[in-house]
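**Student:** My questions will all concern the structure given below.
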Amino acid sequence: MLREQPLKPRAEGSPSTSSRREGDAMKYGNLTLGQIEALVNKLGGMEEVRKILSGQGAPAPAPQAPSVFLPALSVPTVPELIEPFVTKDHFNSVEGIWTGSDFDKEFRGMSVAPRKGYELTVRTLSMPANDGEILKELGDPDGLKAEIDLYTLHQLIVMQKSGRRGLLTTDYANIFYLRNNEGQLRAVSVSRDDGEWSVSVYSVSSPVRWSGGRRVFSRNS
């Protein structure tokens, strides 16, 4: 291992020093040759150093914005659907679920065809965020992968009632993304209020932000 040698001052009167004006001493004259070489290597070599000095070097990367999510949590896998699921036959038949007129209008007459089960991912908001910001961070601005179906929403509520965890059981919203009866993506909020589950629907284009601490559910595949 080479010992780093401090830079030696040039002899008085040499071209390097005689051409300097008074006060032009190196600002970092105490750097060693080894430190200078290491710095050049860090920058990618002399070619990159020349680019930086000429103003052609790549700009420093912008600081990464903080994530709107805390680390992801695990939730139960949504079971396979064997028979068609009809909204009005199930949401209205479970005691303790309240759906407003907006939900009934947006999802009236809808059904879910039999399908295989799939996994969900649940994330907790670390800061306020609107639906556009949430979907962007999920890497799914159009909601094509994040969206779930009505059977999944129903099953998560039923499983929570039977003691299986997943949903927040306070007045904090559990947020889902579903397509309504016109194929439009909607944000659906499920929260616990006065001993029953309250289900509400919102436009994903709203600039209004969900508060931190709310949970976002999305498909894992």
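All residue names refer to the structure tokens as shown: chains lettered A, B, ... in order, residues numbered from 1 in each chain, ligands numbered from 1 in order.
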Any chance you could list, as a compact mmCIF listing (two decimals) with C-alpha atoms, in the first residue's frame, the residues in region 4-213 of chain A that come up helix (DSSP H, G or I) when DSSP is run on the backbone?
**Tutor:**
# COMPACT_ATOMS: atom_id res chain seq x y z
CA PRO A 15 6.87 29.37 -13.65
CA SER A 16 4.02 27.86 -11.67
CA THR A 17 4.39 30.21 -8.72
CA SER A 18 5.81 33.33 -10.33
CA LEU A 33 -1.68 13.03 -4.48
CA GLY A 34 -3.44 9.87 -3.38
CA GLN A 35 -6.55 11.80 -2.40
CA ILE A 36 -6.59 13.66 -5.72
CA GLU A 37 -6.24 10.42 -7.66
CA ALA A 38 -9.03 8.80 -5.63
CA LEU A 39 -11.30 11.78 -6.34
CA VAL A 40 -10.62 11.58 -10.08
CA ASN A 41 -11.44 7.86 -10.01
CA LYS A 42 -14.68 8.57 -8.16
CA LEU A 43 -15.67 11.04 -10.88
CA MET A 46 -9.91 12.42 -16.37
CA GLU A 47 -12.31 12.52 -19.31
CA GLU A 48 -15.23 13.05 -16.91
CA VAL A 49 -13.22 15.62 -14.95
CA ARG A 50 -12.63 17.62 -18.18
CA LYS A 51 -16.35 17.47 -18.98
CA ILE A 52 -17.26 18.72 -15.52
CA LEU A 53 -14.73 21.55 -15.69
CA THR A 87 -73.57 -7.21 -5.71
CA LYS A 88 -77.13 -6.71 -4.50
CA ASP A 89 -77.42 -10.30 -3.29
CA HIS A 90 -74.39 -10.07 -1.03
CA SER A 101 -76.56 5.89 -2.51
CA ASP A 102 -73.36 6.67 -4.42
CA PHE A 103 -72.17 3.07 -4.07
CA ASP A 104 -75.56 1.70 -5.09
CA LYS A 105 -75.61 3.95 -8.17
CA GLU A 106 -72.03 3.26 -9.26
CA PHE A 107 -72.15 -0.54 -8.80
CA ASP A 131 -55.53 9.06 -5.64
CA GLY A 132 -53.46 10.26 -8.59
CA GLU A 133 -50.34 10.37 -6.41
CA ILE A 134 -51.10 6.96 -4.92
CA LEU A 135 -51.65 5.28 -8.29
CA LYS A 136 -48.51 6.91 -9.70
CA GLU A 137 -46.39 5.56 -6.86
CA LEU A 150 -66.47 -6.38 -5.69
CA TYR A 151 -66.10 -9.95 -4.47
CA THR A 152 -62.67 -9.11 -3.05
CA LEU A 153 -64.06 -6.05 -1.26
CA HIS A 154 -66.90 -8.11 0.19
CA GLN A 155 -64.63 -10.97 1.26
CA LEU A 156 -62.19 -8.70 3.09
CA ILE A 157 -65.04 -7.27 5.16
CA VAL A 158 -66.44 -10.74 5.88
CA MET A 159 -63.01 -12.11 6.80
CA GLN A 160 -62.43 -9.16 9.12
CA LYS A 161 -65.76 -9.84 10.83
**Student:** If DSSP is run on the backbone, what residues of region 8-221 of chain A are strand (DSSP E)? A reply as a ChimeraX atom specification would be ideal.
**Tutor:** /A:73-74,85-86,97-99,111-112,120-124,174-179,185-193,196-203,215-219
**Student:** Quote the spacing between CA of Arg186 (chain A) and CA of Val201 (chain A) in Å to one decimal place.
**Tutor:**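 Atom-to-atom, CA of Arg186 (chain A) and CA of Val201 (chain A) are spaced 6.6 Å apart.
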**Student:** I'd like the contact shell of Met127 (chain A) - 10 Å cut-off, only C-alpha atoms, skipping same-chain residues fewer than 5 positions apart - returned as a VMD selection string.
**Tutor:** chain A and resid 66 to 70 209 to 214
**Student:** Go through A:Gly109, A:Pro141, A:Gly55, A:Pro207 and flag the residue nearest Glu182 (chain A), using only C-alpha atoms for the distances.
**Tutor:**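 Looking at the shortest contact to Glu182 (chain A), the residue is A:Gly109.
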**Student:** Between A:Val112, A:Val188, A:Val208, A:Leu125, which residue has the minimum interatomic distance to Gly100 (chain A), considering only C-alpha atoms?
**Tutor:**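 Of the candidates, the smallest distance to Gly100 (chain A) is held by A:Val188.
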**Student:** Do a neighbour search on Val216 (chain A) at 7 Å with only C-alpha atoms, toss out local chain neighbours closer than 3 positions, and write the hits as JSON, numbers by chain.
**Tutor:** {"A": [122, 123, 124, 174, 175, 176]}
**Student:** Write a file of the selected residues as an mmCIF file, in the first residue's frame, keeping N, CA and C atoms.
**Tutor:**
data_model
loop_
_atom_site.group_PDB
_atom_site.id
_atom_site.type_symbol
_atom_site.label_atom_id
_atom_site.label_comp_id
_atom_site.auth_asym_id
_atom_site.auth_seq_id
_atom_site.Cartn_x
_atom_site.Cartn_y
_atom_site.Cartn_z
ATOM 1 N N VAL A 122 -50.975 -4.572 0.868
ATOM 2 C CA VAL A 122 -51.556 -3.440 1.594
ATOM 3 C C VAL A 122 -50.428 -2.537 2.043
ATOM 4 N N ARG A 123 -50.613 -1.243 1.803
ATOM 5 C CA ARG A 123 -49.616 -0.246 2.169
ATOM 6 C C ARG A 123 -50.291 0.851 2.990
ATOM 7 N N THR A 124 -49.567 1.353 3.972
ATOM 8 C CA THR A 124 -50.085 2.435 4.809
ATOM 9 C C THR A 124 -49.507 3.758 4.335
ATOM 10 N N ASN A 174 -59.910 2.439 4.695
ATOM 11 C CA ASN A 174 -59.238 1.418 3.896
ATOM 12 C C ASN A 174 -59.587 1.742 2.448
ATOM 13 N N ILE A 175 -58.582 1.944 1.605
ATOM 14 C CA ILE A 175 -58.805 2.471 0.249
ATOM 15 C C ILE A 175 -58.617 1.371 -0.787
ATOM 16 N N PHE A 176 -59.602 1.258 -1.700
ATOM 17 C CA PHE A 176 -59.566 0.273 -2.777
ATOM 18 C C PHE A 176 -59.854 0.980 -4.099
#
